[in-house]
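Student: Structure supplied as final26.pdb; contents: PDB, N, CA and C atoms.
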```pdb
ATOM      1  N   MET A   1      -2.882 -27.029 100.527
ATOM      2  CA  MET A   1      -3.902 -27.822 101.195
ATOM      3  C   MET A   1      -5.048 -26.911 101.589
ATOM      4  N   THR A   2      -6.273 -27.348 101.335
ATOM      5  CA  THR A   2      -7.464 -26.585 101.682
ATOM      6  C   THR A   2      -8.025 -27.096 103.003
ATOM      7  N   THR A   3      -8.351 -26.182 103.869
ATOM      8  CA  THR A   3      -8.932 -26.538 105.162
ATOM      9  C   THR A   3     -10.278 -25.857 105.302
ATOM     10  N   ILE A   4     -11.281 -26.626 105.651
ATOM     11  CA  ILE A   4     -12.614 -26.079 105.898
ATOM     12  C   ILE A   4     -13.021 -26.496 107.299
ATOM     13  N   ARG A   5     -13.333 -25.528 108.125
ATOM     14  CA  ARG A   5     -13.756 -25.813 109.500
ATOM     15  C   ARG A   5     -15.238 -25.473 109.641
ATOM     16  N   ARG A   6     -15.953 -26.336 110.318
ATOM     17  CA  ARG A   6     -17.371 -26.118 110.554
ATOM     18  C   ARG A   6     -17.648 -26.262 112.035
ATOM     19  N   LYS A   7     -18.573 -25.462 112.529
ATOM     20  CA  LYS A   7     -18.955 -25.568 113.938
ATOM     21  C   LYS A   7     -19.926 -26.721 114.125
ATOM     22  N   LEU A   8     -19.737 -27.417 115.194
ATOM     23  CA  LEU A   8     -20.643 -28.477 115.605
ATOM     24  C   LEU A   8     -21.677 -27.822 116.518
ATOM     25  N   TYR A   9     -22.952 -28.024 116.236
ATOM     26  CA  TYR A   9     -23.966 -27.383 117.065
ATOM     27  C   TYR A   9     -24.964 -28.408 117.571
ATOM     28  N   ARG A  10     -25.576 -28.060 118.675
ATOM     29  CA  ARG A  10     -26.532 -28.947 119.338
ATOM     30  C   ARG A  10     -27.911 -28.736 118.712
ATOM     31  N   ARG A  11     -28.595 -29.852 118.438
ATOM     32  CA  ARG A  11     -29.966 -29.798 117.934
ATOM     33  C   ARG A  11     -30.749 -30.869 118.674
ATOM     34  N   GLY A  12     -31.491 -30.443 119.630
ATOM     35  CA  GLY A  12     -32.210 -31.397 120.469
ATOM     36  C   GLY A  12     -31.217 -32.188 121.308
ATOM     37  N   SER A  13     -31.298 -33.508 121.207
ATOM     38  CA  SER A  13     -30.398 -34.347 122.002
ATOM     39  C   SER A  13     -29.193 -34.824 121.186
ATOM     40  N   SER A  14     -29.003 -34.266 119.970
ATOM     41  CA  SER A  14     -27.867 -34.691 119.139
ATOM     42  C   SER A  14     -27.038 -33.475 118.715
ATOM     43  N   PHE A  15     -25.946 -33.750 118.064
ATOM     44  CA  PHE A  15     -25.083 -32.695 117.547
ATOM     45  C   PHE A  15     -25.068 -32.783 116.027
ATOM     46  N   GLU A  16     -25.011 -31.651 115.345
ATOM     47  CA  GLU A  16     -25.030 -31.620 113.889
ATOM     48  C   GLU A  16     -24.051 -30.598 113.359
ATOM     49  N   THR A  17     -23.749 -30.723 112.080
ATOM     50  CA  THR A  17     -22.989 -29.722 111.348
ATOM     51  C   THR A  17     -23.474 -29.750 109.913
ATOM     52  N   THR A  18     -23.188 -28.717 109.169
ATOM     53  CA  THR A  18     -23.579 -28.694 107.767
ATOM     54  C   THR A  18     -22.382 -29.066 106.904
ATOM     55  N   ILE A  19     -22.650 -29.535 105.708
ATOM     56  CA  ILE A  19     -21.574 -29.851 104.769
ATOM     57  C   ILE A  19     -21.393 -28.638 103.872
ATOM     58  N   PRO A  20     -20.206 -28.039 103.868
ATOM     59  CA  PRO A  20     -19.992 -26.826 103.090
ATOM     60  C   PRO A  20     -20.043 -27.077 101.582
ATOM     61  N   MET A  21     -20.547 -26.115 100.823
ATOM     62  CA  MET A  21     -20.682 -26.240  99.377
ATOM     63  C   MET A  21     -19.375 -26.577  98.660
ATOM     64  N   PRO A  22     -18.215 -26.055  99.059
ATOM     65  CA  PRO A  22     -16.987 -26.421  98.336
ATOM     66  C   PRO A  22     -16.705 -27.924  98.328
ATOM     67  N   ILE A  23     -17.180 -28.643  99.329
ATOM     68  CA  ILE A  23     -16.987 -30.090  99.351
ATOM     69  C   ILE A  23     -17.935 -30.760  98.358
ATOM     70  N   LEU A  24     -19.054 -30.126  98.049
ATOM     71  CA  LEU A  24     -20.074 -30.707  97.179
ATOM     72  C   LEU A  24     -19.885 -30.355  95.702
ATOM     73  N   PHE A  25     -18.779 -29.738  95.334
ATOM     74  CA  PHE A  25     -18.599 -29.262  93.957
ATOM     75  C   PHE A  25     -18.650 -30.375  92.913
ATOM     76  N   ALA A  26     -18.271 -31.593  93.264
ATOM     77  CA  ALA A  26     -18.146 -32.665  92.280
ATOM     78  C   ALA A  26     -19.401 -33.523  92.135
ATOM     79  N   ILE A  27     -20.440 -33.268  92.918
ATOM     80  CA  ILE A  27     -21.629 -34.109  92.809
ATOM     81  C   ILE A  27     -22.732 -33.362  92.063
ATOM     82  N   ASP A  28     -23.636 -34.118  91.478
ATOM     83  CA  ASP A  28     -24.801 -33.558  90.795
ATOM     84  C   ASP A  28     -25.847 -33.267  91.862
ATOM     85  N   LYS A  29     -26.071 -32.014  92.143
ATOM     86  CA  LYS A  29     -26.962 -31.625  93.238
ATOM     87  C   LYS A  29     -28.436 -31.860  92.922
ATOM     88  N   ASP A  30     -28.750 -32.206  91.660
ATOM     89  CA  ASP A  30     -30.128 -32.518  91.298
ATOM     90  C   ASP A  30     -30.494 -33.960  91.645
ATOM     91  N   ARG A  31     -29.508 -34.761  91.996
ATOM     92  CA  ARG A  31     -29.737 -36.158  92.373
ATOM     93  C   ARG A  31     -29.581 -36.317  93.882
ATOM     94  N   LYS A  32     -30.168 -37.369  94.417
ATOM     95  CA  LYS A  32     -30.095 -37.618  95.857
ATOM     96  C   LYS A  32     -28.829 -38.402  96.188
ATOM     97  N   HIS A  33     -28.234 -38.061  97.324
ATOM     98  CA  HIS A  33     -27.006 -38.722  97.764
ATOM     99  C   HIS A  33     -27.074 -39.022  99.249
ATOM    100  N   GLU A  34     -26.336 -40.040  99.639
ATOM    101  CA  GLU A  34     -26.086 -40.309 101.049
ATOM    102  C   GLU A  34     -24.651 -39.885 101.324
ATOM    103  N   VAL A  35     -24.419 -39.328 102.486
ATOM    104  CA  VAL A  35     -23.073 -38.949 102.892
ATOM    105  C   VAL A  35     -22.564 -40.026 103.835
ATOM    106  N   VAL A  36     -21.393 -40.581 103.527
ATOM    107  CA  VAL A  36     -20.807 -41.644 104.338
ATOM    108  C   VAL A  36     -19.560 -41.091 105.024
ATOM    109  N   PHE A  37     -19.576 -41.073 106.342
ATOM    110  CA  PHE A  37     -18.435 -40.633 107.130
ATOM    111  C   PHE A  37     -17.691 -41.868 107.612
ATOM    112  N   THR A  38     -16.391 -41.947 107.332
ATOM    113  CA  THR A  38     -15.590 -43.093 107.734
ATOM    114  C   THR A  38     -14.421 -42.599 108.577
ATOM    115  N   TYR A  39     -14.209 -43.252 109.715
ATOM    116  CA  TYR A  39     -13.115 -42.866 110.608
ATOM    117  C   TYR A  39     -12.016 -43.913 110.536
ATOM    118  N   ASP A  40     -10.800 -43.477 110.246
ATOM    119  CA  ASP A  40      -9.629 -44.358 110.236
ATOM    120  C   ASP A  40      -8.960 -44.213 111.593
ATOM    121  N   LYS A  41      -9.151 -45.209 112.447
ATOM    122  CA  LYS A  41      -8.653 -45.130 113.815
ATOM    123  C   LYS A  41      -7.130 -45.072 113.860
ATOM    124  N   GLU A  42      -6.475 -45.795 112.947
ATOM    125  CA  GLU A  42      -5.015 -45.822 112.924
ATOM    126  C   GLU A  42      -4.421 -44.446 112.594
ATOM    127  N   LEU A  43      -4.999 -43.778 111.606
ATOM    128  CA  LEU A  43      -4.518 -42.447 111.213
ATOM    129  C   LEU A  43      -5.215 -41.321 111.977
ATOM    130  N   GLN A  44      -6.276 -41.674 112.695
ATOM    131  CA  GLN A  44      -7.100 -40.715 113.433
ATOM    132  C   GLN A  44      -7.611 -39.612 112.511
ATOM    133  N   ARG A  45      -8.219 -40.042 111.392
ATOM    134  CA  ARG A  45      -8.760 -39.109 110.400
ATOM    135  C   ARG A  45     -10.138 -39.568 109.941
ATOM    136  N   TRP A  46     -10.966 -38.569 109.628
ATOM    137  CA  TRP A  46     -12.286 -38.826 109.068
ATOM    138  C   TRP A  46     -12.221 -38.655 107.564
ATOM    139  N   TYR A  47     -12.997 -39.476 106.855
ATOM    140  CA  TYR A  47     -13.126 -39.373 105.407
ATOM    141  C   TYR A  47     -14.604 -39.248 105.068
ATOM    142  N   ILE A  48     -14.903 -38.463 104.049
ATOM    143  CA  ILE A  48     -16.281 -38.247 103.621
ATOM    144  C   ILE A  48     -16.420 -38.762 102.197
ATOM    145  N   GLU A  49     -17.446 -39.588 101.974
ATOM    146  CA  GLU A  49     -17.750 -40.089 100.639
ATOM    147  C   GLU A  49     -19.219 -39.806 100.342
ATOM    148  N   PHE A  50     -19.522 -39.634  99.075
ATOM    149  CA  PHE A  50     -20.896 -39.399  98.648
ATOM    150  C   PHE A  50     -21.319 -40.547  97.743
ATOM    151  N   GLU A  51     -22.454 -41.169  98.057
ATOM    152  CA  GLU A  51     -22.982 -42.262  97.260
ATOM    153  C   GLU A  51     -24.337 -41.852  96.711
ATOM    154  N   GLU A  52     -24.474 -41.958  95.403
ATOM    155  CA  GLU A  52     -25.738 -41.598  94.773
ATOM    156  C   GLU A  52     -26.790 -42.642  95.117
ATOM    157  N   ILE A  53     -28.002 -42.185  95.413
ATOM    158  CA  ILE A  53     -29.103 -43.067  95.763
ATOM    159  C   ILE A  53     -29.874 -43.388  94.480
ATOM    160  N   GLU A  54     -30.005 -44.675  94.208
ATOM    161  CA  GLU A  54     -30.807 -45.107  93.060
ATOM    162  C   GLU A  54     -32.273 -44.970  93.464
ATOM    163  N   GLU A  55     -33.040 -44.270  92.668
ATOM    164  CA  GLU A  55     -34.448 -44.092  92.996
ATOM    165  C   GLU A  55     -35.224 -45.344  92.628
ATOM    166  N   TYR A  56     -36.041 -45.785  93.555
ATOM    167  CA  TYR A  56     -36.843 -46.988  93.336
ATOM    168  C   TYR A  56     -38.159 -46.613  92.669
ATOM    169  N   LYS A  57     -38.548 -47.398  91.701
ATOM    170  CA  LYS A  57     -39.793 -47.128  90.982
ATOM    171  C   LYS A  57     -40.928 -47.942  91.558
TER     172      LYS A  57
END
```
As structure tokens, please, write out the structure in this file.
Tutor:
Amino acid sequence: MTTIRRKLYRRGSSFETTIPMPILFAIDKDRKHEVVFTYDKELQRWYIEFEEIEEYK
């Protein structure tokens, strides 16, 4: 099992973290994506999904 830990840091009035490159290995970095964070309350786990953004003409 691979574990990646990231620090949560304060930026203004919000908190942020970066997404590590090993998680991004499967996406085409030349295209735009939205990152979707989903929390499963029953399992108490977060899931990360990447959705490609269709560019509007």
Student: Write out as a VMD selection string the set of residues from chain A that DSSP, computed on the backbone, places in strand (DSSP E or B).
Tutor: chain A and resid 9 to 11 14 to 16 33 to 40 45 to 52
Student: Edge lengths and centre in Å to one decimal, as JSON, is what I'm after for the box along x, y and z that holds all listed atoms of stretch 34-44 of chain A once 8 Å is added on each side.
Tutor:
```
{"center_x": -15.4, "center_y": -42.4, "center_z": 106.7, "size_x": 37.9, "size_y": 22.9, "size_z": 30.2}
```
Student: Figure out the distance between atom CA of A:Ile48 and atom CA of A:His33, please, to one decimal in Å.
Tutor: 12.2 Å
Student: So how many Å separate atom CA of A:Pro20 and atom CA of A:Arg6, to one decimal?
Tutor: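 Rounded to one decimal, the two atoms are 7.9 Å apart.
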Student: Output the residue selection produced by the PyMOL selection byres ((chain A and resi 38) around 6) on the file above, formatted as an MDAnalysis selection string.
Tutor: chainID A and resid 36:37 39:40 45:49
Student: Residues within 12 Å of A:Ile4, please, as a PyMOL selection string. Count only C-alpha atoms; anything in the same chain fewer than 2 positions from it doesn't count.
Tutor: chain A and resi 1-2+6-7+18-23
Student: Take atom N of A:Glu52 and atom C of A:Arg31 and report the distance between them in Å, one decimal.
Tutor: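 We find that atom N of A:Glu52 and atom C of A:Arg31 lie 7.8 Å from each other.
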